[in-house]
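> Dropping the structure in here first, questions after.
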Amino acid sequence: MSEESKPIGGEFLTTPFKVLAGFTLFAGLLVLIRYVMGIGAVSNLSDGYPWGIWITYDVVAGTAIACGGYSMAILVYVLNKGEYHPLIRPALLASVFGYTLAAISIFIDIGRYWQGYNMFWPKYSNVNSVMLEVAVCIALYVMVLWIEFAPVLFEGMQKYKGNLPAFLTKWDVSGLQKIWSKFLFFFIALGILLPTMHQSSLGSLMLIAGKKLSPLWQTGFLPLLFLISAITMGYAIVIFESLFSSVGLKRPAETPILAKLSGIMPWLIGTYLVIRVLDLIVRGALGKAFAFNVQSLMFWIENALFVYPLVILMSAQNRTKARPLFLSALSILLAGLIYRFNAFLIGFDPGNGWTYFPSFSEILITFGIIAFEVMAYLYIVKKFPVLPKTEHA
Amino acid sequence: MKNKDIASVSKHLGVSRREFLKYCSIVAAGMGLPLGTGEQIAEAVTKAARRPPVIWLSAQECTGCSESLLRATHPTFEHLILDLISLDYHETLSTPSGHQAEAARAASIKENKGKFILVVDGAIPVKDKGIYCMIAGRTALDILQETAKDAFAIIAMGSCSSWGGVPSADPNPTGATPVQKILTDAGIKTPVVTIPGCPPNPYNFLSTVLYFVTFKKLPELDDLARPKFAYGRLIHENCERRPHFDAGRFATEFGDENHRKGYCLYKLGCKGPETHANCPSILFGDTGSGTWPVGTGHPCFGCTEKGIGFHKPLFSKASLHMVTPPDTYPHVVEHQGKSALAGIAVAAAAAGAAYAAVNNVAKKLGDDDGKGKK
């Protein structure tokens with residue numbers, strides 16, 4: 001496997017990188033204000049909407065988008081499709097930072113963060129809480145992801161010393177590499193179990209909202225729908241990221257392998273949509289989709305974005321072409337994203353006149369988090385063996 | 001052994017062992033002491049070889065403090081004076097009178113020199129050499145100075161002895177002076193605890209006495225020598241009507257609709273915001289919930305606080321030390337959603353930028369199948 005990937009090299013302090021750094025620094029400043037002045041100083045969160053864009057995007061949607069590592073692991077290790085192995089590392093890389101920053105953003109979002117450690121203190125754990133499951137599961141998975149990704153870092157520290165600052169290369173990690181090679185299988189297994197648990201539990205979170213959540217989204221199938229859409233988004237992000245970086249980093253596109261990978265997606269989207277629509281019909285909630293309000297509009301946008309890639313990717317010819325592939329992947333990501341925003345914010349009405357739209361600072365903190373993820377991605381693919389080797393012409 | 005002692009005392013007091021231990025625990029809890037202290041108190045009370053001697057002096061007073069104590073139900077005052085302490089002299093309650101009573105006082109001072117507790121209720125007039133309060137032909141000033149020297153500690157019971165009270169109200173014709181000032185002026189160093197109140201809550205007195213009996217020292221005091229367990233907080237802090245204050249709901253006249261609804265009495269001149277006492281927590285008179293001045297609908301008049309009670313007009317407003325509730329409290333009126341214009345603008349800009357980027361990439365990708373040229 002070490003023969004498949006290679007750092008792409010090149011200067012990392014590019015203009016986009018600097019812009020991203022600006023966003024990150026500004027967000028860092030806002031986070032500082034949040035810790036000094038309190039959540040109210042930077043956000044529009046309220047008692048009616050205690051979960052805003054930070055939970056909905058950074059945690060719920062962010063981890064779903066970061067499901068690339070999970071989805072690829074199912075494919076390569078559970079279904080034993082070794083040919084996709086070159087895609088594992090970039091997928092894992094996106095997952096590592098997606099999840100790590102989701103975990104960090106929870107500590108920006110929770111009001112009494114100084115009591116946050118109590119979550120992990122068995123004496124104080126509420127074992128009947130979905131939130132505990134999500135918190136513990138995500139925390140564990142962040143560690144598992146770093147363990148899974150560590151071999152890439154080790155390899156970089158051994159084989160590509162020239163790229164890295166001296167303090168990273170002065171240790172000999174070959175011993176660690178040996179230990180890792182013995183135990184990695186266990187963490188790979190954990191890395192498949194944990195997201196299965198919490199990606200569905202993220203859906204269960206909204207079950208508790210009961211009638212506050214519009215019937216268009218409130219269903220006992222929320223956990224299953226969240227899980228299936230998260231796995232689909234996992235494949236979509238792998239395709240999206242690969243094609244996006246091929247343009248952005250000026251590398252040849254990996255269209256053939258992506259075409260093959262995208263063959264799975266119509267099945268997943270199809271299953272998802274069948275469950276989604278049947279559930280709406282059986283519960284008699286479909287009428288709400290014709291209410292001609294914001295919720296029904298968002299419902300149609302969400303599902304149109306699911307249907308579009310289904311139609312496009314059903315055609316084997318389309319799957320071999322980069323642009324339809326790219327747009328389909330993007331459409332799935334947006335669909336999953338909007339599904340999560342709908343289920344957590346737009347379909348949610350706590351009553352009594354509460355309203356919510358994220359504030360300037362709130363959105364910029366989220367941008368900062370995204371910017372940091374992209375910066376980390378850019379740095380690591382340039383310095384560590386992540387992206388598949390390409391044949392030079 | 002210990003249980004046997006407690007059992008015997010319980011029998012003596014006419015209450016069950018359980019009742020007795022419960023009482024001691026309540027006293028301990030009232031003083032904010034740890035859980036096991038109740039038992040220590042019970043043990044100290046039962047084990048004492050001799051009940052602690054107490055001499056009670058009265059000066060310019062109305063006997064309200066004694067009356068207040070007489071109405072205590074746990075323990076009752078008779079249990080206190082007959083079983084817990086040895087009340088050797090009290091002008092109203094002593095069995096002997098006249099010369100006999102004075103002799104008992106002299107005898108107790110001699111016998112218990114440096115060991116007895118001196119309780120004083122009433123202010124001491126100092127004008128014209130103290131002639132405005134005479135007992136047995138001597139001025140109260142003289143008697144106090146003589147007795148205080150030999151006491152282990154002094155409890156100034158009630159507002160008069162604590163800071164002057166009613167007799168010291170302007171223009172203070174008799175020169176009514178609190179106990180502590182007299183002792184300081186006379187150079188007597190016996191420690192003084194003040195239990196202000198008009199009348200003071202009997203349990204603040206009883207708790208202080210039992211603390212002394214148990215630990216042989218005085219409880220922690222504030223800079224006005226008041227026990228912190230009782231006077232550490234403003235009435236305003238624990239008042240049952242506090243939420244109305246925070247919400248801006250006030251009674252503006254006696255008997256108006258807001259008054260009948262039980263709203264805050266601040267605008268009627270309640271001195272709760274500047275008066276330190278535990279009234280809202282332990283109530284008054286043992287007659288159940290809501291029985292304390294503010295609970296019954298009358299503004300607090302600040303009896304425990306020097307310069308407030310009998311000095312500040314009853315219906316003038318209190319000065320506020322804590323205007324807003326602490327930040328850790330929920331707000332009374334929550335913002336139900338703030339303006340989000342900037343947020344919408346940023347979101348729109350981001351959507352635009354994302355669209356441009358994606359569009360750009362999609363264009364460049366073309367229909368490349370990865371095998372041929374772009």
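In the structure tokens, the first chain shown is A, the next is B, and so on; residue numbers restart at 1 for each chain, and ligands run from 1 in the order shown.
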Near A:Gly284, counting only C-alpha atoms, which residues have an atom at most 10 Å away, once you skip same-chain residues fewer than 5 positions from it, shown as a list in words?
Pro215, Leu216, Leu278 and Asp279 of chain A
> Neighbouring residues of B:Ile143 were defined as those with any atom within 12 Å, considering only C-alpha atoms; residues of the same chain fewer than 4 positions away were excluded. Please report them as a PyMOL selection string.
chain B and resi 55-59+102+105-106+109+118+120+124+130+133-139+147-150+179+182-183
> Got a sec: who's within 9 Å of A:Ile346, counting only C-alpha atoms, leaving out chain neighbours fewer than 2 positions off, as number ranges by chain?
A: 213-214, 294-295, 298, 341-344, 348-349
> If we count only C-alpha atoms, which residues of chain A reach to within 10 Å of chain B? Please list them as a VMD selection string.
chain A and resid 40 43 to 49 243 to 248 252 to 259 317 to 327 330 352 to 364 367
> So that I can check the surroundings of B:Val294, please list as a ChimeraX atom specification every protein, DNA and RNA residue that reaches within 10 Å of it, counting only C-alpha atoms and ignoring chain neighbours fewer than 4 positions away.
/B:235,239-241,262,264-265,270-272,279-280,283,290,298-301
> Pick out the residues sitting within 7 Å of A:Ile228, and hand them over as a PyMOL selection string; count only C-alpha atoms, and ignore anything fewer than 4 positions along from it in its own chain.
chain A and resi 224+232+268+272
> Show which residues sit within 12 Å of B:Ala29, as a ChimeraX atom specification. Count only C-alpha atoms, and ignore same-chain residues fewer than 4 positions away.
/B:22-25,33-39,41,203-204,207,211,229-230,281-282
> Generate a file of the selected residues that holds C-alpha atoms, formatted as a PDB file, in the first residue's frame.

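Writing done, so here's again-v6.pdb:
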ATOM      1  CA  LYS B  22     -33.606  15.634  64.679  1.00  0.00           C
ATOM      2  CA  TYR B  23     -33.632  18.941  66.476  1.00  0.00           C
ATOM      3  CA  CYS B  24     -29.852  18.942  66.868  1.00  0.00           C
ATOM      4  CA  SER B  25     -29.432  18.134  63.191  1.00  0.00           C
ATOM      5  CA  LEU B  33     -22.497  22.866  59.467  1.00  0.00           C
ATOM      6  CA  PRO B  34     -21.691  19.403  58.116  1.00  0.00           C
ATOM      7  CA  LEU B  35     -24.078  16.500  58.507  1.00  0.00           C
ATOM      8  CA  GLY B  36     -22.432  14.794  61.480  1.00  0.00           C
ATOM      9  CA  THR B  37     -22.480  17.955  63.572  1.00  0.00           C
ATOM     10  CA  GLY B  38     -26.018  17.304  64.771  1.00  0.00           C
ATOM     11  CA  GLU B  39     -24.773  14.271  66.612  1.00  0.00           C
ATOM     12  CA  ILE B  41     -24.281  18.809  69.366  1.00  0.00           C
ATOM     13  CA  TYR B 203     -33.249  30.101  66.507  1.00  0.00           C
ATOM     14  CA  ASN B 204     -30.341  32.349  65.654  1.00  0.00           C
ATOM     15  CA  SER B 207     -28.047  27.984  67.421  1.00  0.00           C
ATOM     16  CA  TYR B 211     -22.642  26.025  68.866  1.00  0.00           C
ATOM     17  CA  PHE B 229     -24.658  31.499  59.316  1.00  0.00           C
ATOM     18  CA  ALA B 230     -27.609  33.783  60.073  1.00  0.00           C
ATOM     19  CA  SER B 281     -34.969  30.845  54.934  1.00  0.00           C
ATOM     20  CA  ILE B 282     -36.027  29.966  58.460  1.00  0.00           C
TER      21      ILE B 282
END
> Find the residues of stretch 278-331 of chain B that sit at most 8 Å from stretch 163-170 of chain B; for each, write down the nearest two atoms and how far apart they are in Å, to one decimal. Count only C-alpha atoms. Sort by chain, then by number going up, and give it as a Markdown table.

| residue | atom | partner | partner_atom | distance |
| --- | --- | --- | --- | --- |
| B:Cys303 | CA | B:Gly165 | CA | 7.8 |
| B:Lys306 | CA | B:Trp163 | CA | 5.9 |
| B:Gly309 | CA | B:Gly165 | CA | 7.4 |
| B:Phe310 | CA | B:Val166 | CA | 5.9 |
| B:His311 | CA | B:Ala169 | CA | 6.1 |
> How would the residues just picked look written out with C-alpha atoms as a CSV table (one decimal), in the first residue's frame?

chain,number,residue,atom,x,y,z
B,303,CYS,CA,-34.7,45.6,61.9
B,306,LYS,CA,-27.8,49.4,61.7
B,309,GLY,CA,-34.5,49.9,61.0
B,310,PHE,CA,-35.9,52.8,63.1
B,311,HIS,CA,-33.7,55.2,61.1
> Identify, on the basis of only C-alpha atoms, every residue whose closest approach to A:Leu310 does not exceed 10 Å; exclude the query and any residue fewer than 2 positions from it along the same chain; express the result as an NGL selection string.
:A and (265-270 or 273 or 304-308 or 312-315 or 328 or 331-332)
> Now that the selection is made, can you save its residues with N, CA and C atoms as a compact mmCIF listing (two decimals), in the first residue's frame?

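Generated output (out.txt):
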# COMPACT_ATOMS: atom_id res chain seq x y z
N MET A 265 -23.94 4.07 -5.89
CA MET A 265 -24.77 5.13 -5.34
C MET A 265 -26.23 5.07 -5.73
N PRO A 266 -26.58 4.72 -6.99
CA PRO A 266 -28.02 4.66 -7.28
C PRO A 266 -28.74 3.69 -6.35
N TRP A 267 -28.08 2.59 -6.01
CA TRP A 267 -28.71 1.63 -5.10
C TRP A 267 -28.99 2.25 -3.74
N LEU A 268 -27.97 2.97 -3.24
CA LEU A 268 -28.14 3.58 -1.92
C LEU A 268 -29.22 4.67 -1.94
N ILE A 269 -29.13 5.52 -2.97
CA ILE A 269 -30.12 6.62 -3.03
C ILE A 269 -31.50 6.03 -3.24
N GLY A 270 -31.57 5.02 -4.10
CA GLY A 270 -32.87 4.38 -4.37
C GLY A 270 -33.48 3.84 -3.07
N LEU A 273 -34.64 6.67 -0.91
CA LEU A 273 -35.85 7.37 -1.35
C LEU A 273 -37.09 6.50 -1.18
N ALA A 304 -35.35 16.78 -4.50
CA ALA A 304 -34.93 16.93 -5.88
C ALA A 304 -33.42 16.68 -5.98
N LEU A 305 -32.69 17.12 -4.96
CA LEU A 305 -31.25 16.93 -4.98
C LEU A 305 -30.87 15.46 -4.79
N PHE A 306 -31.77 14.68 -4.20
CA PHE A 306 -31.53 13.25 -4.13
C PHE A 306 -31.88 12.57 -5.45
N VAL A 307 -32.95 13.06 -6.06
CA VAL A 307 -33.44 12.40 -7.29
C VAL A 307 -32.49 12.66 -8.46
N TYR A 308 -31.96 13.88 -8.53
CA TYR A 308 -31.09 14.24 -9.65
C TYR A 308 -29.91 13.26 -9.81
N ILE A 312 -29.14 10.64 -12.96
CA ILE A 312 -27.89 10.76 -13.71
C ILE A 312 -27.04 9.50 -13.58
N LEU A 313 -26.88 9.00 -12.36
CA LEU A 313 -25.94 7.91 -12.15
C LEU A 313 -26.50 6.55 -12.55
N MET A 314 -27.81 6.49 -12.83
CA MET A 314 -28.35 5.22 -13.29
C MET A 314 -27.79 4.88 -14.66
N SER A 315 -27.39 5.90 -15.39
CA SER A 315 -26.83 5.65 -16.71
C SER A 315 -25.34 5.37 -16.59
N SER A 328 -23.25 15.10 -9.72
CA SER A 328 -24.06 14.16 -8.94
C SER A 328 -23.55 14.09 -7.51
N SER A 331 -24.49 17.07 -5.73
CA SER A 331 -25.92 17.07 -5.46
C SER A 331 -26.24 16.20 -4.24
N ILE A 332 -25.58 15.05 -4.13
CA ILE A 332 -25.82 14.18 -2.99
C ILE A 332 -25.37 14.86 -1.70
> Taking the DSSP assignment computed from this structure's backbone, write out as a ChimeraX atom specification all residues of stretch 261-366 of chain B that belong to helix (DSSP H, G or I).
/B:266-268,272-274,279-282,293-296,341-365
> Generate a file of the selected residues that holds N, CA and C atoms, formatted as an mmCIF file, in the first residue's frame.

data_model
loop_
_atom_site.group_PDB
_atom_site.id
_atom_site.type_symbol
_atom_site.label_atom_id
_atom_site.label_comp_id
_atom_site.auth_asym_id
_atom_site.auth_seq_id
_atom_site.Cartn_x
_atom_site.Cartn_y
_atom_site.Cartn_z
ATOM 1 N N TYR B 266 -40.840 45.884 47.092
ATOM 2 C CA TYR B 266 -39.773 46.882 47.047
ATOM 3 C C TYR B 266 -40.318 48.308 46.975
ATOM 4 N N LYS B 267 -41.329 48.522 46.139
ATOM 5 C CA LYS B 267 -41.840 49.886 45.962
ATOM 6 C C LYS B 267 -42.684 50.355 47.143
ATOM 7 N N LEU B 268 -43.026 49.416 48.041
ATOM 8 C CA LEU B 268 -43.717 49.829 49.268
ATOM 9 C C LEU B 268 -42.709 50.115 50.370
ATOM 10 N N GLY B 272 -35.592 44.671 52.327
ATOM 11 C CA GLY B 272 -34.904 43.402 52.048
ATOM 12 C C GLY B 272 -33.607 43.556 51.267
ATOM 13 N N PRO B 273 -33.560 44.460 50.278
ATOM 14 C CA PRO B 273 -32.332 44.572 49.482
ATOM 15 C C PRO B 273 -31.134 45.135 50.235
ATOM 16 N N GLU B 274 -31.330 45.666 51.455
ATOM 17 C CA GLU B 274 -30.158 46.188 52.169
ATOM 18 C C GLU B 274 -30.089 45.654 53.598
ATOM 19 N N CYS B 279 -34.293 35.536 57.579
ATOM 20 C CA CYS B 279 -35.747 35.417 57.716
ATOM 21 C C CYS B 279 -36.408 34.588 56.603
ATOM 22 N N PRO B 280 -36.091 34.854 55.300
ATOM 23 C CA PRO B 280 -36.815 34.098 54.288
ATOM 24 C C PRO B 280 -36.492 32.612 54.335
ATOM 25 N N SER B 281 -35.339 32.257 54.915
ATOM 26 C CA SER B 281 -34.969 30.845 54.934
ATOM 27 C C SER B 281 -35.583 30.116 56.120
ATOM 28 N N ILE B 282 -35.543 30.735 57.308
ATOM 29 C CA ILE B 282 -36.027 29.966 58.460
ATOM 30 C C ILE B 282 -37.361 30.481 58.994
ATOM 31 N N PRO B 293 -42.408 38.534 57.903
ATOM 32 C CA PRO B 293 -43.019 39.792 57.480
ATOM 33 C C PRO B 293 -43.309 39.886 55.983
ATOM 34 N N VAL B 294 -42.300 39.692 55.135
ATOM 35 C CA VAL B 294 -42.540 39.839 53.702
ATOM 36 C C VAL B 294 -43.544 38.800 53.217
ATOM 37 N N GLY B 295 -43.474 37.608 53.802
ATOM 38 C CA GLY B 295 -44.394 36.541 53.413
ATOM 39 C C GLY B 295 -45.847 36.923 53.678
ATOM 40 N N THR B 296 -46.082 37.694 54.739
ATOM 41 C CA THR B 296 -47.455 38.058 55.058
ATOM 42 C C THR B 296 -47.901 39.306 54.312
ATOM 43 N N LEU B 341 -29.507 40.022 9.857
ATOM 44 C CA LEU B 341 -29.196 40.588 8.540
ATOM 45 C C LEU B 341 -27.781 40.251 8.111
ATOM 46 N N ALA B 342 -26.826 40.486 9.036
ATOM 47 C CA ALA B 342 -25.428 40.194 8.709
ATOM 48 C C ALA B 342 -25.255 38.721 8.401
ATOM 49 N N GLY B 343 -25.944 37.902 9.189
ATOM 50 C CA GLY B 343 -25.863 36.451 8.966
ATOM 51 C C GLY B 343 -26.366 36.078 7.595
ATOM 52 N N ILE B 344 -27.503 36.652 7.215
ATOM 53 C CA ILE B 344 -28.068 36.338 5.908
ATOM 54 C C ILE B 344 -27.102 36.789 4.802
ATOM 55 N N ALA B 345 -26.528 37.977 4.990
ATOM 56 C CA ALA B 345 -25.591 38.487 3.985
ATOM 57 C C ALA B 345 -24.396 37.549 3.840
ATOM 58 N N VAL B 346 -23.835 37.137 4.973
ATOM 59 C CA VAL B 346 -22.680 36.235 4.905
ATOM 60 C C VAL B 346 -23.056 34.920 4.247
ATOM 61 N N ALA B 347 -24.224 34.396 4.640
ATOM 62 C CA ALA B 347 -24.655 33.118 4.080
ATOM 63 C C ALA B 347 -24.827 33.249 2.568
ATOM 64 N N ALA B 348 -25.425 34.378 2.131
ATOM 65 C CA ALA B 348 -25.633 34.571 0.705
ATOM 66 C C ALA B 348 -24.295 34.685 -0.016
ATOM 67 N N ALA B 349 -23.355 35.437 0.576
ATOM 68 C CA ALA B 349 -22.035 35.577 -0.035
ATOM 69 C C ALA B 349 -21.359 34.221 -0.157
ATOM 70 N N ALA B 350 -21.479 33.434 0.898
ATOM 71 C CA ALA B 350 -20.845 32.118 0.889
ATOM 72 C C ALA B 350 -21.458 31.246 -0.192
ATOM 73 N N ALA B 351 -22.799 31.305 -0.288
ATOM 74 C CA ALA B 351 -23.469 30.490 -1.297
ATOM 75 C C ALA B 351 -22.994 30.909 -2.689
ATOM 76 N N GLY B 352 -22.869 32.225 -2.887
ATOM 77 C CA GLY B 352 -22.409 32.714 -4.171
ATOM 78 C C GLY B 352 -21.001 32.234 -4.488
ATOM 79 N N ALA B 353 -20.111 32.358 -3.498
ATOM 80 C CA ALA B 353 -18.722 31.944 -3.705
ATOM 81 C C ALA B 353 -18.644 30.455 -4.000
ATOM 82 N N ALA B 354 -19.439 29.681 -3.244
ATOM 83 C CA ALA B 354 -19.419 28.233 -3.444
ATOM 84 C C ALA B 354 -19.913 27.903 -4.846
ATOM 85 N N TYR B 355 -20.979 28.606 -5.282
ATOM 86 C CA TYR B 355 -21.523 28.342 -6.608
ATOM 87 C C TYR B 355 -20.466 28.635 -7.677
ATOM 88 N N ALA B 356 -19.793 29.768 -7.518
ATOM 89 C CA ALA B 356 -18.772 30.144 -8.501
ATOM 90 C C ALA B 356 -17.675 29.085 -8.577
ATOM 91 N N ALA B 357 -17.221 28.642 -7.384
ATOM 92 C CA ALA B 357 -16.136 27.659 -7.346
ATOM 93 C C ALA B 357 -16.558 26.372 -8.019
ATOM 94 N N VAL B 358 -17.742 25.918 -7.663
ATOM 95 C CA VAL B 358 -18.228 24.653 -8.199
ATOM 96 C C VAL B 358 -18.428 24.749 -9.713
ATOM 97 N N ASN B 359 -18.991 25.863 -10.100
ATOM 98 C CA ASN B 359 -19.239 26.069 -11.526
ATOM 99 C C ASN B 359 -17.921 26.036 -12.312
ATOM 100 N N ASN B 360 -16.943 26.677 -11.748
ATOM 101 C CA ASN B 360 -15.615 26.730 -12.350
ATOM 102 C C ASN B 360 -15.030 25.328 -12.516
ATOM 103 N N VAL B 361 -15.110 24.576 -11.431
ATOM 104 C CA VAL B 361 -14.566 23.219 -11.466
ATOM 105 C C VAL B 361 -15.325 22.364 -12.467
ATOM 106 N N ALA B 362 -16.669 22.488 -12.421
ATOM 107 C CA ALA B 362 -17.479 21.666 -13.320
ATOM 108 C C ALA B 362 -17.129 21.965 -14.774
ATOM 109 N N LYS B 363 -16.900 23.229 -15.080
ATOM 110 C CA LYS B 363 -16.556 23.626 -16.439
ATOM 111 C C LYS B 363 -15.237 23.006 -16.870
ATOM 112 N N LYS B 364 -14.269 23.104 -15.956
ATOM 113 C CA LYS B 364 -12.931 22.585 -16.286
ATOM 114 C C LYS B 364 -12.929 21.084 -16.450
ATOM 115 N N LEU B 365 -13.799 20.418 -15.678
ATOM 116 C CA LEU B 365 -13.822 18.959 -15.754
ATOM 117 C C LEU B 365 -14.283 18.503 -17.131
#
> Enumerate the residues of stretch 157-198 of chain B with a DSSP assignment of strand (DSSP E or B), computed from the backbone, and present them as a list in words.
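DSSP on the backbone gives strand (DSSP E or B) at Met157, Ala176, Thr177, Val192, Val193, Thr194 and Ile195 of chain B.
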> Which distance in Å separates atom CA of B:Met157 and atom CA of B:Gly297, to one decimal?
26.3 Å
> Restricting the calculation to only C-alpha atoms: of B:Asn258, B:Ser86, B:Ser161, B:Asn278, which residue gets closest to B:Leu144?
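Smallest separation from B:Leu144 among the options: B:Ser161.
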> Quick one: which stretch 210-317 of chain A residues come within 10 Å of stretch 190-201 of chain A, and what is the nearest atom pair for each with the distance in Å to one decimal, counting only C-alpha atoms, rows ordered by chain and ascending number, as a tab-separated table?

residue	atom	partner	partner_atom	distance
A:Phe221	CA	A:Ser200	CA	9.5
A:Leu222	CA	A:Ser200	CA	7.6
A:Pro223	CA	A:Ser200	CA	4.1
A:Leu224	CA	A:Ser200	CA	5.9
A:Leu225	CA	A:Ser200	CA	7.7
A:Phe226	CA	A:Ser200	CA	5.5
A:Leu227	CA	A:Ser200	CA	4.8
A:Ile228	CA	A:Ser200	CA	8.5
A:Ser229	CA	A:Gln199	CA	9.3
A:Ala230	CA	A:Gln199	CA	6.9
A:Ile231	CA	A:Gln199	CA	8.9
> Let me make sure I understand: among A:Leu337, A:Val274, A:Met157, A:Ala291, which one has the smallest atom-to-atom distance to A:Thr63 if we use only C-alpha atoms?
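Nearest candidate to A:Thr63 out of A:Leu337, A:Val274, A:Met157, A:Ala291: A:Leu337.
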> Using only C-alpha atoms for the distances, tell me which of B:Thr177, B:Thr95, B:Asn172, B:Thr190 is nearest to B:Ala123.
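Of all the options, B:Thr177 lies closest to B:Ala123.
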> Which residue gives the smallest distance to A:Tyr235 among A:Ile74, A:Leu378, A:Val42, A:Ile53, with only C-alpha atoms counted?
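Smallest separation from A:Tyr235 among the options: A:Ile74.
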> For a test of reading the model, state the distance in Å between atom CA of A:Gly351 and atom CA of B:Tyr263, rounded to one decimal.
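About the pair atom CA of A:Gly351 and atom CA of B:Tyr263: they are 28.3 Å apart.
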> So how many Å separate atom CA of B:Pro202 and atom CA of B:Glu111, to one decimal?
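About the pair atom CA of B:Pro202 and atom CA of B:Glu111: they are 27.9 Å apart.
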